[in-house]
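Novice: Below you will find the structure I want to go over with you.
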There are 2 protein chains.
Amino acid sequence: MKPIWIAIDWGTTNLRGWTMGDAGIMAEASSDKGMASLKPAEFEAALLDLIGPWLAGHTGAPIPVYACGMVGARQGWVEAPYRAVPCAPVHGGELMAVPVQDPRITVQITPGLSQAKPADVMRGEETQIAGALALYPQFDGAMCLPGTHSKWAQVSAGEVVSFQTFMTGEMFALLSTQSVLRLGMGGDGWDDTAFDTGVAEGMARPERLAASLFRLRAEGLLAGLTADAARARLSGLLIGAELAAARAYWLGMDVALIGSSKTTPLYARALAAQGVPARALSVTDCTLAGLTRAASHLAKDKS
Amino acid sequence: MKPIWIAIDWGTTNLRGWTMGDAGIMAEASSDKGMASLKPAEFEAALLDLIGPWLAGHTGAPIPVYACGMVGARQGWVEAPYRAVPCAPVHGGELMAVPVQDPRITVQITPGLSQAKPADVMRGEETQIAGALALYPQFDGAMCLPGTHSKWAQVSAGEVVSFQTFMTGEMFALLSTQSVLRLGMGGDGWDDTAFDTGVAEGMARPERLAASLFRLRAEGLLAGLTADAARARLSGLLIGAELAAARAYWLGMDVALIGSSKTTPLYARALAAQGVPARALSVTDCTLAGLTRAASHLAKDKS
């Protein structure tokens with residue numbers, strides 16, 4: 001069985017690949033050669049390290065590789081300029097071709113999306129959104145992609161109408177490990193009730209965030225707040241504040257959550273507390289479906 | 001001229017001392033032996049390293065040393081339990097005596113303040129507030145102490161009625177140097193107009209903070225936002241959000257700012273934009289006046 005095409009998700013810190021045949025995924029692989037660790041001249045070698053075994057003995061027409069993520073950033077392999085919303089999240093005619101030395105492959109990168117006002121950008125998530133739309137073509141509503149930089153996108157008629165990024169995940173990481181709050185939240189335990197309390201407080205008084213944060217420290221000193229409760233409430237406060245600011249996206253809308261198994265259930269729980277059921281989609285499924293859409297677009301363009 | 005007493009400001013990262021005579025400050029010194037770098041058994045030696053020259057040849061009654069700050073924390077020299085508000089910021093009868101080996105000195109630590117609900121704590125700032133009250137005994141209003149953890153205190157009839165801590169300074173430091181935003185804010189330039197824009201936005205939409213933050217990155221990529229403008233607007237956004245949450249403290253109140261020459265003018269500028277004139281007091285003046293009050297209380301208690 002020969003690979004028809006290869007899918008690549010190339011982020012800041014990781015590189016993942018899947019080789020795709022008639023029946024779907026044939027094999028997958030990953031490495032830690034993320035975009036941040038590579039100079040432009042090193043990308044092709046890093047890619048071949050990962051996918052080389054799938055190309056062994058290949059002759060004939062080159063195998064197309066479709067890649068998404070930070071690989072297309074200005075600091076990446078080749079810059080794939082942003083496409084401005086409103087637009088379809090991925091458009092097969094607007095992929096960025098990357099020149100490669102190896103005759104066995106061609107490489108195309110899906111561009112990210114930009115929004116002029118309020119200024120915003122995404123890279124990688126547009127492919128996941130395209131994948132979610134491939135899986136649910138009639139979807140009309142909000143897609144939320146939790147992560148280091150969470151994205152909320154308004155999706156309608158197959159297009160991303162608008163989107164907004166929140167630094168929620170990065171703030172959680174910095175505050176829980178680098179700030180004074182780290183002193184009260186060692187370990188990695190969890191407390192659902194404390195999370196719910198944080199969400200409620202973050203939703204109700206998002207403007208008090210910088211004060212609510214310090215209260216975690218004070219309650220640790222004065223009232224015996226446990227480490228598990230402190231870190232769960234911190235997460236809840238930040239996600240609650242995000243939901244408060246993103247209300248226009250989800251209120252009265254269908255909501256789809258695209259994300260990892262760790263963070264996504266927290267968003268689902270927080271949304272459920274607001275009476276909003278959210279459909280959870282696997283980020284890998286969406287990435288592959290999005291790259292498949294990019295691949296099929298190109299095949300169509302060529303025909 | 002002999003020292004009458006010695007004032008010590010002993011924080012997490014620094015140790016500062018002043019020897020006080022009849023005419024005020026006789027000499028001052030500082031070192032980097034902050035509380036965080038010392039085990040309990042090392043505090044006396046660190047203190048003597050700093051103030052030893054002032055004690056040379058001293059005989060007779062020991063010279064009293066009054067210290068404030070994190071030296072009295074649980075991880076400090078000797079824990080000085082918090083005093084609960086409402087109360088006078090410093091009370092001479094409630095200082096914590098520390099046993100020392102050197103017969104030439106006695107050491108007293110001013111306790112911090114705590115608030116049960118919402119839970120909050122301060123250590124060091126209570127002495128600065130006491131000093132500001134010593135300098136302006138009739139003060140009735142809000143005292144703001146900008147810093148890593150900014151404090152707002154409601155002060156009336158010589159007491160701290162309530163207070164609230166904001167992690168504004170620490171969030172600025174983490175976001176500007178550790179988060180994705182660092183990529184767009186190298187150097188240490190400044191842009192007053194961008195600061196004002198940030199304050200206005202932070203005040204108007206404090207709940208959008210996590211989104212406003214990422215917009216700094218997006219505008220850097222899409223609209224050429226300069227590093228100076230990005231870091232000034234980040235500062236403005238955080239201070240603006242703090243002012244929005246602290247509105248009950250300053251609205252219609254007399255406001256005194258106690259802080260460093262770097263941050264305090266920014267708070268003064270942000271408050272002025274809300275039509276609130278603020279009196280700026282030197283943190284050193286206030287610390288010394290507060291410790292003087294502690295010292296004189298004790299003299300009075302003994303008489």
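Labels for the structure tokens follow display order: chains A, B, ..., residues from 1 in each chain, ligands from 1.
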Within 6 Å of chain B, which residues of chain A show up? Give each one with its shortest atom-to-atom distance in Å (one decimal) and the two atoms involved, counting only C-alpha atoms, rows by chain then rising residue number, as CSV.
Specialist:
```
residue,atom,partner,partner_atom,distance
A:Ala119,CA,B:Ala218,CA,5.5
A:Asp120,CA,B:Ala218,CA,4.9
A:Val121,CA,B:Ala218,CA,5.9
A:Thr165,CA,B:Ala211,CA,5.6
A:Phe166,CA,B:Ala211,CA,4.4
A:Met167,CA,B:Ala210,CA,5.2
A:Pro206,CA,B:Glu207,CA,4.7
A:Glu207,CA,B:Glu207,CA,4.6
A:Arg208,CA,B:Ala245,CA,5.2
A:Ala210,CA,B:Phe166,CA,4.9
A:Ala211,CA,B:Phe166,CA,4.4
A:Arg215,CA,B:Ala119,CA,5.7
A:Ala218,CA,B:Asp120,CA,4.8
A:Glu219,CA,B:Ala119,CA,5.6
A:Ala245,CA,B:Arg208,CA,5.2
```
Novice: Next, the residues of the selection above should be written as a PDB file, in the first residue's frame with C-alpha atoms.
Specialist:
```pdb
ATOM      1  CA  ALA A 119      -6.281  42.973  15.249  1.00  0.00           C
ATOM      2  CA  ASP A 120      -5.891  39.228  15.622  1.00  0.00           C
ATOM      3  CA  VAL A 121      -4.098  36.279  14.051  1.00  0.00           C
ATOM      4  CA  THR A 165      -7.668  35.211  20.925  1.00  0.00           C
ATOM      5  CA  PHE A 166      -7.301  34.999  24.708  1.00  0.00           C
ATOM      6  CA  MET A 167      -3.991  34.399  26.467  1.00  0.00           C
ATOM      7  CA  PRO A 206     -13.905  39.524  35.362  1.00  0.00           C
ATOM      8  CA  GLU A 207     -12.630  43.061  35.949  1.00  0.00           C
ATOM      9  CA  ARG A 208     -11.346  42.015  39.371  1.00  0.00           C
ATOM     10  CA  ALA A 210      -5.713  40.892  39.309  1.00  0.00           C
ATOM     11  CA  ALA A 211      -7.249  41.091  42.785  1.00  0.00           C
ATOM     12  CA  ARG A 215      -6.667  36.325  47.030  1.00  0.00           C
ATOM     13  CA  ALA A 218      -3.943  35.282  50.867  1.00  0.00           C
ATOM     14  CA  GLU A 219      -6.419  32.435  51.428  1.00  0.00           C
ATOM     15  CA  ALA A 245     -15.363  38.448  27.479  1.00  0.00           C
TER      16      ALA A 245
END
```
Novice: Fewer than 3 positions away in the same chain doesn't count, so skip those; otherwise give me all residues within 8 Å of Thr226 of chain A, counting only C-alpha atoms, as a ChimeraX atom specification.
Specialist: /A:184-185,220,229-230
Novice: With N, CA and C atoms retained, write the just-selected residues as a PDB file, in the first residue's frame.
Specialist:
```
ATOM      1  N   GLY A 184       1.676  28.486  46.570  1.00  0.00           N
ATOM      2  CA  GLY A 184       0.499  27.839  47.158  1.00  0.00           C
ATOM      3  C   GLY A 184      -0.138  26.805  46.265  1.00  0.00           C
ATOM      4  N   MET A 185       0.552  26.410  45.169  1.00  0.00           N
ATOM      5  CA  MET A 185      -0.096  25.440  44.279  1.00  0.00           C
ATOM      6  C   MET A 185       0.842  24.385  43.712  1.00  0.00           C
ATOM      7  N   GLY A 220      -4.460  31.061  51.010  1.00  0.00           N
ATOM      8  CA  GLY A 220      -3.505  30.008  51.366  1.00  0.00           C
ATOM      9  C   GLY A 220      -2.850  30.322  52.706  1.00  0.00           C
ATOM     10  N   ALA A 229      -7.011  23.080  45.446  1.00  0.00           N
ATOM     11  CA  ALA A 229      -8.101  24.048  45.297  1.00  0.00           C
ATOM     12  C   ALA A 229      -7.584  25.340  44.679  1.00  0.00           C
ATOM     13  N   ALA A 230      -6.379  25.747  45.066  1.00  0.00           N
ATOM     14  CA  ALA A 230      -5.834  27.008  44.559  1.00  0.00           C
ATOM     15  C   ALA A 230      -5.606  26.932  43.047  1.00  0.00           C
TER      16      ALA A 230
END
```
Novice: Apply DSSP to the backbone of this structure and, from segment 65-208 of chain A, keep only the residues in strand (DSSP E); write these as a VMD selection string.
Specialist: chain A and resid 65 to 68 83 to 84 96 to 98 105 to 109 113 to 115 120 to 122 141 to 145 150 to 156 159 to 166
Novice: From the set B:Pro111, B:Gly189, B:Pro3, B:Ala273, which residue has the shortest atom-to-atom contact distance to Ala56 of chain B, counting only C-alpha atoms?
Specialist: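 Among B:Pro111, B:Gly189, B:Pro3, B:Ala273, it is B:Pro3 that comes nearest to Ala56 of chain B.
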Novice: Can you pull out every residue within 7 Å of Val155 of chain B, counting only C-alpha atoms, but drop anything in the same chain fewer than 3 positions away, and send it as a ChimeraX atom specification?
Specialist: /B:140-143,158-161
Novice: Could the residues in this selection be saved with N, CA and C atoms as a tab-separated table (two decimals), in the first residue's frame?
Specialist:
```tsv
chain	number	residue	atom	x	y	z
B	140	ASP	N	-7.65	61.22	55.21
B	140	ASP	CA	-8.84	60.36	55.16
B	140	ASP	C	-9.09	60.07	53.68
B	141	GLY	N	-8.92	58.84	53.26
B	141	GLY	CA	-9.10	58.52	51.85
B	141	GLY	C	-8.42	57.23	51.48
B	142	ALA	N	-7.88	57.21	50.26
B	142	ALA	CA	-7.27	55.98	49.76
B	142	ALA	C	-5.77	56.16	49.65
B	143	MET	N	-5.03	55.17	50.12
B	143	MET	CA	-3.60	55.15	49.86
B	143	MET	C	-3.34	54.01	48.89
B	158	GLY	N	-7.12	57.35	61.31
B	158	GLY	CA	-5.85	56.74	61.73
B	158	GLY	C	-5.80	55.23	61.59
B	159	GLU	N	-6.83	54.63	60.99
B	159	GLU	CA	-6.84	53.17	60.84
B	159	GLU	C	-6.91	52.75	59.37
B	160	VAL	N	-6.41	51.56	59.11
B	160	VAL	CA	-6.67	50.92	57.82
B	160	VAL	C	-8.01	50.19	57.96
B	161	VAL	N	-9.00	50.64	57.16
B	161	VAL	CA	-10.35	50.08	57.27
B	161	VAL	C	-10.45	48.80	56.45
```
Novice: Looking only at the backbone, which of the residues in segment 71-144 of chain A does DSSP tag as alpha helix (DSSP H), as a ChimeraX atom specification?
Specialist: /A:125-135
